[in-house]
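model_29.txt follows; it contains compact mmCIF, C-alpha atoms.
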```txt
# COMPACT_ATOMS: atom_id res chain seq x y z
CA MET P 11 91.63 79.51 112.93
CA ASN P 12 91.93 79.23 109.15
CA PHE P 13 95.15 77.94 107.55
CA PRO P 14 95.52 78.42 103.75
CA ARG P 15 95.92 75.31 101.57
CA SER P 16 95.72 76.76 98.06
CA ARG P 17 98.75 76.27 95.82
CA LEU P 18 98.13 79.72 94.35
CA PHE P 19 98.27 81.24 97.82
CA TRP P 20 101.51 79.50 98.73
CA SER P 21 103.18 80.49 95.48
CA VAL P 22 102.69 84.20 96.20
CA ALA P 23 103.36 83.70 99.92
CA LEU P 24 106.76 82.12 99.19
CA GLY P 25 107.41 84.90 96.71
CA HIS P 26 106.64 87.41 99.43
CA PHE P 27 109.02 85.66 101.83
CA THR P 28 111.82 85.68 99.25
CA ASN P 29 111.30 89.28 98.13
CA ASP P 30 111.19 90.70 101.64
CA THR P 31 114.17 88.64 102.80
CA PHE P 32 116.36 90.46 100.31
CA MET P 33 114.77 93.89 100.73
CA SER P 34 115.14 93.77 104.53
CA MET P 35 118.88 93.09 104.32
CA MET P 36 119.46 96.64 103.13
CA SER P 37 119.34 98.41 106.50
CA VAL P 38 121.87 95.99 108.01
CA LEU P 39 124.05 96.13 104.90
CA LEU P 40 124.09 99.93 104.97
CA ALA P 41 124.94 100.01 108.67
CA PHE P 42 127.80 97.57 108.00
CA ILE P 43 129.00 99.41 104.88
CA SER P 44 129.02 102.76 106.71
CA VAL P 45 131.50 101.42 109.28
CA ASN P 46 133.59 98.94 107.30
CA ILE P 47 133.62 100.04 103.64
CA LEU P 48 132.16 103.47 102.86
CA PRO P 49 131.65 106.00 105.72
CA MET P 50 128.13 107.49 105.72
CA SER P 51 126.22 109.80 108.04
CA LYS P 52 122.76 108.93 109.38
CA ALA P 53 121.27 111.43 106.94
CA GLU P 54 123.00 109.68 104.03
CA ILE P 55 121.75 106.29 105.21
CA GLY P 56 118.26 107.75 105.54
CA LEU P 57 118.52 109.20 102.03
CA VAL P 58 119.35 105.80 100.50
CA LEU P 59 116.63 103.96 102.42
CA GLY P 60 114.10 106.72 101.84
CA ILE P 61 114.62 106.89 98.08
CA THR P 62 114.50 103.09 97.89
CA ALA P 63 111.17 102.95 99.70
CA LEU P 64 109.81 105.86 97.66
CA VAL P 65 110.65 104.16 94.36
CA GLY P 66 108.88 101.00 95.51
CA ALA P 67 105.89 103.01 96.68
CA LEU P 68 105.46 105.06 93.50
CA THR P 69 105.74 102.06 91.18
CA GLN P 70 103.23 99.84 92.99
CA PRO P 71 100.02 101.49 91.70
CA VAL P 72 101.34 101.33 88.11
CA PHE P 73 102.24 97.66 88.41
CA GLY P 74 98.90 97.01 90.14
CA LEU P 75 97.01 98.47 87.18
CA LEU P 76 99.05 96.29 84.79
CA ALA P 77 98.38 93.20 86.91
CA ASP P 78 94.61 93.81 86.85
CA ARG P 79 94.82 93.81 83.04
CA SER P 80 97.30 90.98 82.42
CA GLY P 81 96.95 88.55 85.32
CA GLY P 82 100.40 89.33 86.66
CA ARG P 83 102.25 86.02 86.21
CA TRP P 84 105.38 87.58 84.78
CA LEU P 85 105.05 90.78 86.79
CA GLY P 86 105.06 88.79 90.02
CA THR P 87 107.74 86.28 89.06
CA GLY P 88 109.90 88.83 87.28
CA GLY P 89 109.53 91.27 90.16
CA VAL P 90 111.02 88.86 92.69
CA ALA P 91 113.79 87.84 90.27
CA TRP P 92 114.61 91.52 89.70
CA THR P 93 114.76 92.22 93.44
CA VAL P 94 117.17 89.35 94.10
CA GLY P 95 119.40 90.12 91.13
CA MET P 96 119.58 93.84 91.78
CA VAL P 97 120.37 93.42 95.49
CA LEU P 98 123.36 91.32 94.45
CA LEU P 99 124.45 94.05 92.03
CA ALA P 100 124.03 96.63 94.81
CA LEU P 101 126.48 94.69 96.97
CA LEU P 102 129.02 94.69 94.17
CA ALA P 103 128.47 98.43 93.69
CA ALA P 104 129.15 99.00 97.39
CA GLU P 105 132.50 97.24 97.05
CA THR P 106 133.63 100.02 94.68
CA GLY P 107 133.46 102.55 97.52
CA ILE P 108 131.64 105.08 95.30
CA TYR P 109 128.62 106.54 97.15
CA ALA P 110 126.66 107.62 94.04
CA LEU P 111 127.04 104.19 92.43
CA MET P 112 126.01 102.48 95.64
CA ILE P 113 122.86 104.64 95.89
CA ILE P 114 121.76 103.54 92.41
CA GLY P 115 122.47 99.92 93.29
CA PHE P 116 120.33 100.07 96.42
CA ILE P 117 117.43 101.92 94.78
CA ILE P 118 116.69 99.77 91.72
CA PRO P 119 115.73 96.58 93.63
CA ALA P 120 112.67 98.49 94.87
CA MET P 121 111.16 98.34 91.37
CA GLY P 122 111.02 94.54 91.58
CA SER P 123 109.39 94.73 94.99
CA GLY P 124 106.94 97.27 93.60
CA ALA P 125 105.99 94.86 90.81
CA PHE P 126 105.49 91.87 93.10
CA HIS P 127 103.42 93.27 95.97
CA PRO P 128 100.21 94.20 94.08
CA VAL P 129 100.20 90.81 92.33
CA GLY P 130 100.88 88.91 95.54
CA SER P 131 98.23 90.79 97.52
CA LYS P 132 95.64 90.27 94.77
CA TYR P 133 96.03 86.49 94.66
CA ALA P 134 96.45 86.07 98.41
CA ALA P 135 92.91 87.43 98.75
CA GLU P 136 91.45 85.72 95.67
CA SER P 137 92.84 82.26 96.43
CA ASP P 138 89.93 81.75 98.88
CA LYS P 139 87.00 84.14 98.54
CA HIS P 140 85.55 83.26 101.95
CA ARG P 141 88.74 83.93 103.93
CA ALA P 142 90.28 86.95 102.24
CA ALA P 143 91.16 88.71 105.51
CA SER P 144 92.86 85.76 107.21
CA ASN P 145 94.62 84.77 103.98
CA MET P 146 95.97 88.30 103.70
CA ALA P 147 97.24 88.10 107.28
CA TYR P 148 99.14 84.88 106.50
CA PHE P 149 100.47 86.41 103.28
CA PHE P 150 101.92 89.32 105.21
CA LEU P 151 103.18 86.94 107.89
CA MET P 152 105.31 85.27 105.22
CA GLY P 153 106.60 88.69 104.23
CA GLN P 154 107.36 89.55 107.84
CA LEU P 155 109.22 86.26 108.28
CA GLY P 156 111.32 87.26 105.29
CA LEU P 157 111.83 90.69 106.80
CA ALA P 158 112.91 88.98 110.02
CA LEU P 159 115.25 86.49 108.35
CA GLY P 160 116.98 89.05 106.13
CA PRO P 161 118.61 91.25 108.80
CA ALA P 162 119.56 88.30 111.03
CA LEU P 163 121.01 86.33 108.12
CA ALA P 164 122.90 89.31 106.73
CA GLY P 165 124.18 90.23 110.18
CA ARG P 166 125.39 86.70 110.83
CA LEU P 167 127.14 86.44 107.46
CA LEU P 168 128.77 89.84 107.92
CA ASP P 169 129.81 89.31 111.53
CA HIS P 170 133.10 87.71 110.50
CA ALA P 171 133.61 89.98 107.48
CA ALA P 172 133.97 93.19 109.48
CA THR P 173 137.15 95.16 109.98
CA PHE P 174 139.25 94.61 113.07
CA ASN P 175 141.32 97.78 112.86
CA HIS P 176 140.84 98.45 116.57
CA VAL P 177 142.79 95.27 117.39
CA PHE P 178 146.10 96.08 115.71
CA THR P 179 146.30 99.67 114.44
CA GLY P 180 146.86 101.18 117.87
CA ALA P 181 150.11 99.26 118.32
CA LEU P 182 151.42 100.42 114.94
CA GLY P 183 151.53 104.06 115.90
CA PRO P 184 150.04 107.09 114.11
CA VAL P 185 152.16 106.74 110.95
CA PHE P 186 151.51 103.13 109.98
CA GLY P 187 148.17 102.92 111.75
CA SER P 188 146.58 105.29 109.25
CA ILE P 189 147.99 103.40 106.25
CA LEU P 190 147.59 99.71 107.06
CA LEU P 191 143.82 99.69 107.42
CA GLU P 192 141.72 96.59 106.88
CA ARG P 193 138.55 96.88 104.79
CA GLY P 194 135.36 94.86 105.27
CA THR P 195 133.47 92.97 102.57
CA VAL P 196 129.83 92.14 101.80
CA THR P 197 130.56 89.21 99.48
CA PRO P 198 129.36 86.48 101.94
CA VAL P 199 125.78 87.71 101.38
CA LEU P 200 125.94 86.87 97.66
CA LEU P 201 125.44 83.16 98.44
CA VAL P 202 121.90 83.81 99.76
CA ALA P 203 120.55 84.20 96.19
CA PHE P 204 120.00 80.44 95.90
CA ILE P 205 117.02 80.55 98.29
CA ALA P 206 114.99 82.40 95.63
CA ILE P 207 114.84 79.50 93.15
CA PRO P 208 111.86 77.51 94.62
CA ALA P 209 109.58 80.55 94.90
CA LEU P 210 110.37 81.74 91.38
CA ALA P 211 109.65 78.31 89.90
CA LEU P 212 106.32 77.94 91.73
CA MET P 213 105.07 81.42 90.80
CA ALA P 214 105.98 80.91 87.15
CA VAL P 215 103.58 77.94 86.87
CA THR P 216 100.83 78.94 89.34
CA ILE P 217 99.95 82.63 88.92
CA PRO P 218 97.34 83.02 86.14
CA ASN P 219 98.72 84.07 82.76
CA ALA P 220 97.06 86.65 80.51
CA ARG P 221 94.76 84.16 78.74
CA ALA P 222 93.46 82.60 81.96
CA HIS P 223 93.02 86.05 83.46
CA ARG P 224 90.92 87.25 80.51
CA ALA P 225 88.75 84.13 80.76
CA GLN P 226 88.17 84.75 84.46
CA LYS P 227 87.28 88.39 83.81
CA GLU P 228 84.68 87.28 81.29
CA VAL P 229 83.15 84.97 83.89
CA GLU P 230 83.06 87.81 86.41
CA ARG P 231 81.22 90.08 83.99
CA GLN P 232 78.48 87.47 83.73
CA THR P 233 78.08 87.04 87.50
CA ALA P 234 76.91 89.13 90.40
CA ALA P 235 80.45 90.36 91.07
CA ALA P 236 80.27 92.87 88.24
CA PRO P 237 77.71 95.27 89.76
CA THR P 238 79.75 95.43 92.98
CA SER P 239 82.81 96.57 91.07
CA ARG P 240 80.83 99.54 89.73
CA SER P 241 79.83 100.86 93.17
CA ALA P 242 80.48 104.52 94.02
CA PHE P 243 84.02 105.42 95.01
CA PRO P 244 84.08 106.13 98.80
CA VAL P 245 86.03 109.38 98.82
CA MET P 246 85.73 110.22 102.52
CA ALA P 247 86.69 106.71 103.58
CA PHE P 248 89.88 106.94 101.52
CA ILE P 249 90.73 110.38 102.94
CA VAL P 250 90.52 109.08 106.51
CA LEU P 251 92.45 105.95 105.56
CA ILE P 252 95.21 107.99 103.91
CA ALA P 253 95.56 110.31 106.93
CA MET P 254 95.75 107.40 109.36
CA VAL P 255 98.20 105.41 107.23
CA THR P 256 100.43 108.48 106.81
CA LEU P 257 100.96 108.83 110.57
CA ARG P 258 101.18 105.08 111.17
CA SER P 259 103.87 104.68 108.50
CA LEU P 260 106.30 106.85 110.45
CA ALA P 261 106.51 104.00 112.93
CA GLN P 262 105.93 101.05 110.61
CA PRO P 263 108.00 100.86 108.42
CA GLY P 264 109.67 104.26 108.98
CA THR P 265 111.60 103.44 112.16
CA VAL P 266 112.75 99.91 111.38
CA ASN P 267 115.49 101.05 109.03
CA PHE P 268 117.13 102.89 111.93
CA ILE P 269 116.95 100.11 114.51
CA PRO P 270 120.34 98.72 113.33
CA VAL P 271 121.85 102.22 113.55
CA LEU P 272 120.31 102.83 116.99
CA PHE P 273 121.90 99.72 118.46
CA GLN P 274 125.13 100.01 116.51
CA GLU P 275 125.62 103.26 118.42
CA LYS P 276 125.24 101.29 121.65
CA GLY P 277 128.16 99.08 120.63
CA TRP P 278 126.22 96.04 119.43
CA SER P 279 127.78 93.72 116.83
CA PRO P 280 126.25 93.21 113.33
CA ALA P 281 124.80 89.86 114.45
CA GLU P 282 123.20 91.49 117.50
CA TYR P 283 121.65 94.51 115.81
CA GLY P 284 120.58 92.30 112.90
CA LEU P 285 118.82 90.00 115.37
CA ILE P 286 116.95 92.78 117.16
CA THR P 287 115.79 94.15 113.79
CA SER P 288 114.55 90.66 112.96
CA SER P 289 112.73 90.56 116.30
CA PHE P 290 110.81 93.67 115.30
CA TRP P 291 109.62 91.99 112.07
CA VAL P 292 108.79 88.64 113.71
CA GLY P 293 106.57 90.38 116.24
CA SER P 294 104.83 92.28 113.45
CA GLY P 295 104.09 89.15 111.42
CA LEU P 296 102.76 87.02 114.27
CA ALA P 297 100.58 89.82 115.60
CA GLY P 298 99.15 90.38 112.11
CA VAL P 299 97.61 86.89 112.07
CA PHE P 300 96.16 87.30 115.57
CA PHE P 301 94.72 90.76 115.02
CA GLY P 302 93.56 89.85 111.51
CA ASN P 303 91.33 87.16 112.98
CA LEU P 304 90.14 89.57 115.69
CA ALA P 305 89.18 92.08 113.00
CA ASP P 306 86.86 89.50 111.42
CA ARG P 307 84.98 89.22 114.73
CA PHE P 308 85.09 92.72 116.24
CA ASP P 309 84.97 96.36 115.14
CA ARG P 310 87.94 96.85 112.80
CA ARG P 311 88.36 100.47 113.82
CA LYS P 312 88.83 99.56 117.47
CA VAL P 313 91.20 96.70 116.66
CA ILE P 314 93.42 99.02 114.61
CA ALA P 315 93.28 101.84 117.17
CA ALA P 316 93.99 99.60 120.16
CA SER P 317 97.00 97.94 118.53
CA MET P 318 98.56 101.24 117.50
CA ILE P 319 98.10 103.13 120.76
CA ALA P 320 99.54 100.16 122.65
CA SER P 321 102.70 100.35 120.52
CA ALA P 322 103.49 103.96 121.51
CA PRO P 323 105.16 103.18 124.89
CA ALA P 324 107.39 100.57 123.23
CA PHE P 325 108.66 103.09 120.67
CA PHE P 326 109.14 105.73 123.37
CA PHE P 327 111.28 103.58 125.67
CA LEU P 328 113.17 101.51 123.05
CA PRO P 329 116.00 104.08 122.61
CA VAL P 330 116.80 104.15 126.35
CA THR P 331 116.96 100.38 126.91
CA ASP P 332 119.58 97.73 126.34
CA GLY P 333 119.97 93.97 126.56
CA ALA P 334 116.95 91.65 126.94
CA LEU P 335 114.54 94.51 127.66
CA ALA P 336 115.45 96.11 124.33
CA PHE P 337 114.53 92.87 122.55
CA ALA P 338 111.20 92.74 124.40
CA LEU P 339 110.37 96.33 123.44
CA ALA P 340 111.42 95.78 119.82
CA ILE P 341 109.08 92.79 119.58
CA ALA P 342 106.25 94.78 121.19
CA ALA P 343 106.82 97.81 118.94
CA GLY P 344 106.87 95.67 115.81
CA ALA P 345 103.93 93.50 116.84
CA LEU P 346 101.56 96.25 117.88
CA SER P 347 102.41 98.79 115.17
CA GLY P 348 102.35 96.17 112.40
CA ALA P 349 99.24 94.29 113.54
CA SER P 350 96.90 96.42 111.44
CA HIS P 351 98.83 96.02 108.16
CA SER P 352 96.75 93.21 106.63
CA ILE P 353 93.50 94.77 107.87
CA ILE P 354 94.32 98.04 106.11
CA VAL P 355 95.07 96.29 102.80
CA VAL P 356 91.84 94.27 102.91
CA LEU P 357 89.89 97.45 103.67
CA ALA P 358 91.41 99.11 100.60
CA GLN P 359 90.60 96.08 98.42
CA GLY P 360 87.02 96.24 99.67
CA LEU P 361 86.77 99.86 98.57
CA LEU P 362 87.82 98.87 95.00
CA PRO P 363 86.56 95.26 94.69
CA GLY P 364 86.88 95.14 90.90
CA SER P 365 90.54 96.23 90.92
CA LYS P 366 92.19 94.47 93.81
CA ALA P 367 95.74 94.67 92.48
CA LEU P 368 95.33 98.40 91.89
CA ALA P 369 93.84 98.88 95.37
CA SER P 370 96.69 96.88 96.88
CA GLY P 371 99.24 98.88 94.93
CA LEU P 372 97.70 102.18 96.00
CA ILE P 373 97.52 101.40 99.71
CA LEU P 374 100.87 99.58 99.88
CA GLY P 375 102.41 102.39 97.86
CA LEU P 376 101.04 104.85 100.39
CA ILE P 377 102.34 102.80 103.33
CA PHE P 378 105.81 102.41 101.88
CA GLY P 379 105.86 105.93 100.46
CA MET P 380 105.04 107.46 103.82
CA GLY P 381 107.57 105.09 105.37
CA ALA P 382 110.12 106.53 102.94
CA MET P 383 109.23 110.05 103.98
CA GLY P 384 109.53 108.84 107.56
CA SER P 385 113.06 107.63 106.86
CA PHE P 386 113.95 111.05 105.45
CA LEU P 387 112.41 112.75 108.48
CA ILE P 388 113.91 110.44 111.10
CA GLY P 389 117.35 110.60 109.50
CA GLY P 390 117.22 114.38 109.37
CA LEU P 391 115.90 114.74 112.93
CA ALA P 392 118.59 112.37 114.21
CA GLU P 393 121.27 114.78 113.04
CA PHE P 394 119.79 117.57 115.19
CA ILE P 395 118.07 116.00 118.22
CA GLY P 396 119.51 112.49 118.24
CA LEU P 397 118.09 109.22 116.98
CA GLY P 398 116.55 108.31 120.34
CA SER P 399 114.55 111.53 120.52
CA ALA P 400 113.36 111.00 116.93
CA PHE P 401 111.96 107.59 117.94
CA GLN P 402 110.12 109.21 120.84
CA LEU P 403 108.50 111.76 118.52
CA VAL P 404 107.29 108.86 116.37
CA ALA P 405 105.54 107.46 119.45
CA GLY P 406 103.42 110.62 119.55
CA ALA P 407 102.52 110.26 115.86
CA VAL P 408 101.30 106.70 116.51
CA VAL P 409 98.92 107.99 119.20
CA LEU P 410 97.42 110.46 116.70
CA ALA P 411 97.06 107.65 114.13
CA SER P 412 95.11 105.54 116.60
CA VAL P 413 92.62 108.38 117.08
CA LEU P 414 92.14 108.71 113.31
CA ALA P 415 91.54 104.96 113.05
CA LEU P 416 88.30 105.41 114.98
CA ALA P 417 87.02 107.65 112.16
CA LEU P 418 87.34 104.85 109.59
CA PRO P 419 84.13 103.25 108.20
CA ARG P 420 82.53 101.11 110.89
CA ASP P 421 81.98 97.96 108.85
CA ARG P 422 82.77 97.05 105.23
CA SER P 423 82.87 93.30 105.69
CA THR P 424 80.16 92.76 103.11
CA VAL P 425 82.27 94.51 100.50
CA ILE P 426 85.46 92.74 101.47
CA GLU P 427 83.84 89.33 101.08
CA VAL P 428 83.07 89.96 97.40
CA VAL P 429 86.08 88.54 95.55
CA PRO P 430 86.39 86.56 92.33
CA GLU P 431 86.52 82.78 92.32
CA PRO P 432 89.99 81.21 92.35
CA VAL P 433 91.63 80.65 88.98
CA THR P 434 93.56 77.44 88.41
CA THR P 435 96.01 77.28 85.54
CA ARG P 436 98.53 74.82 84.22
CA ALA P 437 101.98 75.61 82.97
```
Entire entry expressed as structure tokens:
Amino acid sequence: MNFPRSRLFWSVALGHFTNDTFMSMMSVLLAFISVNILPMSKAEIGLVLGITALVGALTQPVFGLLADRSGGRWLGTGGVAWTVGMVLLALLAAETGIYALMIIGFIIPAMGSGAFHPVGSKYAAESDKHRAASNMAYFFLMGQLGLALGPALAGRLLDHAATFNHVFTGALGPVFGSILLERGTVTPVLLVAFIAIPALALMAVTIPNARAHRAQKEVERQTAAAPTSRSAFPVMAFIVLIAMVTLRSLAQPGTVNFIPVLFQEKGWSPAEYGLITSSFWVGSGLAGVFFGNLADRFDRRKVIAASMIASAPAFFFLPVTDGALAFALAIAAGALSGASHSIIVVLAQGLLPGSKALASGLILGLIFGMGAMGSFLIGGLAEFIGLGSAFQLVAGAVVLASVLALALPRDRSTVIEVVPEPVTTRA
């Protein structure tokens, strides 16, 4: 099994870990804020998370196009720095107790994430032209580890910053009990910003700058890679891919934002529902490496379809379980629904081999955009049929997605292997 050793790869991989650590804190933070600082309905939580994901999705193709032209050093580095800084500002906005201000604070970090992902995906694949698929799986594993760390870390930091009104207000009586109310705080999370420094420093000196990128493009135009980049655009392949990704995104990442809410309703503490959300992401990341290697050896369509249809029972039964079994189902749901993520991105890059950042931005934008629509849909459905029933409807959508996966192109491995040579630059 391949293990990446390129410094370029690890710079974007660490950037991915850092970016997704901060972005994944949002669902736990919103669940905490809704109880301890600013009351919100499930629909309002879904609105914030949905708009955030939609902003990230819509900006990714634009940033991908810019990265293909400029090399992306400052887009990638600046994107992660923006994400970290804006998440911190969002926490301060939440402390004001003003819903509209908090929405703005939670939406703008998505622009930084939208700038980083096309750059990171491009160089994860290009850092080793012979192992683009497995490199991409490890790149997304680092992101999933960040997604796993964020909720658990935020939940742990917030566990002792919650309100304890239930302990003392009852004894005060109805008059004083409604006046002397304790308020929670999100300030402990502000200290996490220091973990971003190493990744930002490494990306700033490793990702190719504009001059190095132009030199590499000139080399590509004089090699055999150029004719490949002018191949016909596979319209039908993209239509099938879009349809499959749309349904898949309801489950991954559409449902994960509501896992904290689902288990908060069961009476779990912030540390507990943060940990089970992290379990979902850990399963997704580890399975991505395993299934990514399988996809290099077997029919990609069948690998994608098998992983998705196997995830449906886990999503269906997750809302009706508790304790250790809930953790097991969360891991299974995350692992099996997320296993195809890296395979889908590499397929998209293979369809546009001369514009890998743009291809990454388009497909990731679609995944996150449909995930955003899924958050809107799940939040709205939860108000009418309950959150558990909404999860069970998602299980049906995953089954349909697995059927569509079998209609994807049988084999595009020859296209996927065509990637530019690695570019090494000095600060």
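Residues in contact with region 400-403 of chain P at 9 Å, where all atoms listed in the file are counted and same-chain residues fewer than 5 positions away are skipped, are listed as P:Ala261, P:Thr265, P:Ala322, P:Pro323, P:Phe325, P:Phe326, P:Phe327, P:Leu328, P:Pro329, P:Leu387, P:Ile388, P:Gly389, P:Leu391, P:Ala392, P:Ile395.
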With C-alpha atoms kept, could you save the residues just selected as a short mmCIF file (atom, residue, chain, number, x, y, z; two decimals), in the frame of the given file?
```cif
data_model
loop_
_atom_site.label_atom_id
_atom_site.label_comp_id
_atom_site.auth_asym_id
_atom_site.auth_seq_id
_atom_site.Cartn_x
_atom_site.Cartn_y
_atom_site.Cartn_z
CA ALA P 261 106.51 104.00 112.93
CA THR P 265 111.60 103.44 112.16
CA ALA P 322 103.49 103.96 121.51
CA PRO P 323 105.16 103.18 124.89
CA PHE P 325 108.66 103.09 120.67
CA PHE P 326 109.14 105.73 123.37
CA PHE P 327 111.28 103.58 125.67
CA LEU P 328 113.17 101.51 123.05
CA PRO P 329 116.00 104.08 122.61
CA LEU P 387 112.41 112.75 108.48
CA ILE P 388 113.91 110.44 111.10
CA GLY P 389 117.35 110.60 109.50
CA LEU P 391 115.90 114.74 112.93
CA ALA P 392 118.59 112.37 114.21
CA ILE P 395 118.07 116.00 118.22
#
```
Pull the closest atom pair for each residue of region 312-393 of chain P that gets at most 6 Å from region 293-306 of chain P, along with the distance in Å to one decimal, counting only C-alpha atoms, ordering rows by chain and then ascending residue number, as CSV.
```
residue,atom,partner,partner_atom,distance
P:Ile341,CA,P:Gly293,CA,4.8
P:Gly344,CA,P:Ser294,CA,4.6
P:Ala345,CA,P:Ser294,CA,3.7
P:Gly348,CA,P:Ser294,CA,4.7
P:Ala349,CA,P:Gly298,CA,4.2
```
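Using all atoms listed in the file, the nearest neighbour of Gly153 (chain P) within the list P:Arg310, P:His351, P:Arg83, P:Arg258 is P:His351.
The smallest atom-to-atom distance between Ile108 (chain P) and any of P:Leu24, P:Leu410, P:Met36, P:Leu48, using all atoms listed in the file, is found for P:Leu48.
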Nearest to Met246 (chain P) by atom-to-atom distance, counting only C-alpha atoms, from P:Ala135, P:Ala158, P:Ala417, P:Ala315:
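Counting only C-alpha atoms, the residue closest to Met246 (chain P) is P:Ala417.
Considering the residues P:Ala415, P:Met213, P:Ala369, P:Leu40 and counting all atoms listed in the file, Gly56 (chain P) has its shortest atom-to-atom contact with P:Leu40.
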Using all atoms listed in the file, the best pick from P:Leu346, P:Leu163, P:Ile286, P:Ile354 as closest to Gly333 (chain P) would be P:Ile286
* Asked: Smallest atom-to-atom distance to Gly74 (chain P): which of P:Ala91, P:Ala125, P:Ile249, P:Val255, using all atoms listed in the file?
  ->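 Among P:Ala91, P:Ala125, P:Ile249, P:Val255, it is P:Ala125 that comes nearest to Gly74 (chain P).
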For this session: Give as a PyMOL selection string the set of residues within 10 Å of the point (111.4, 82.4, 89.2), where distances use the file's coordinates and only C-alpha atoms.
Result: chain P and resi 25+84+86-92+206-215
**Request:** Would you mind listing what lies within 12 Å of Phe13 (chain P) as a VMD selection string, with only C-alpha atoms counted and same-chain residues fewer than 6 positions away left out?
**Result:** chain P and resid 19 to 20 138 141 to 149 299 303
Students should find that CA of Val65 (chain P) and CA of Met121 (chain P) are spaced 6.6 Å
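Within 10 Å of the point (103.8, 100.6, 87.9) in file coordinates, and counting only C-alpha atoms, lie the residues P:Gly66, P:Ala67, P:Leu68, P:Thr69, P:Gln70, P:Pro71, P:Val72, P:Phe73, P:Gly74, P:Leu75, P:Leu76, P:Ala77, P:Leu85, P:Met121, P:Gly124, P:Ala125, P:Pro128, P:Leu368, P:Gly371.
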*Tell me, in Å to one decimal, how far CA of Glu393 (chain P) is from CA of Ala104 (chain P).*
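Taking CA of Glu393 (chain P) as the start and CA of Ala104 (chain P) as the end point, the length is 23.6 Å.
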d(CA of Gly264 (chain P), CA of Ala382 (chain P)) in Å:
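Straight-line distance from CA of Gly264 (chain P) to CA of Ala382 (chain P) works out to 6.5 Å.
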Query raised in the report: Can you tell me, as a list in words, what residues are no more than 8 Å from region 287-289 of chain P when counting all atoms listed in the file, ignoring any on the same chain fewer than 4 positions away?
Result: Leu157, Ala158, Leu159, Gly160, Pro161, Ala162, Val266, Ile269, Pro270, Tyr283, Gly293, Phe337, Ala340, Ile341 and Gly344 of chain P
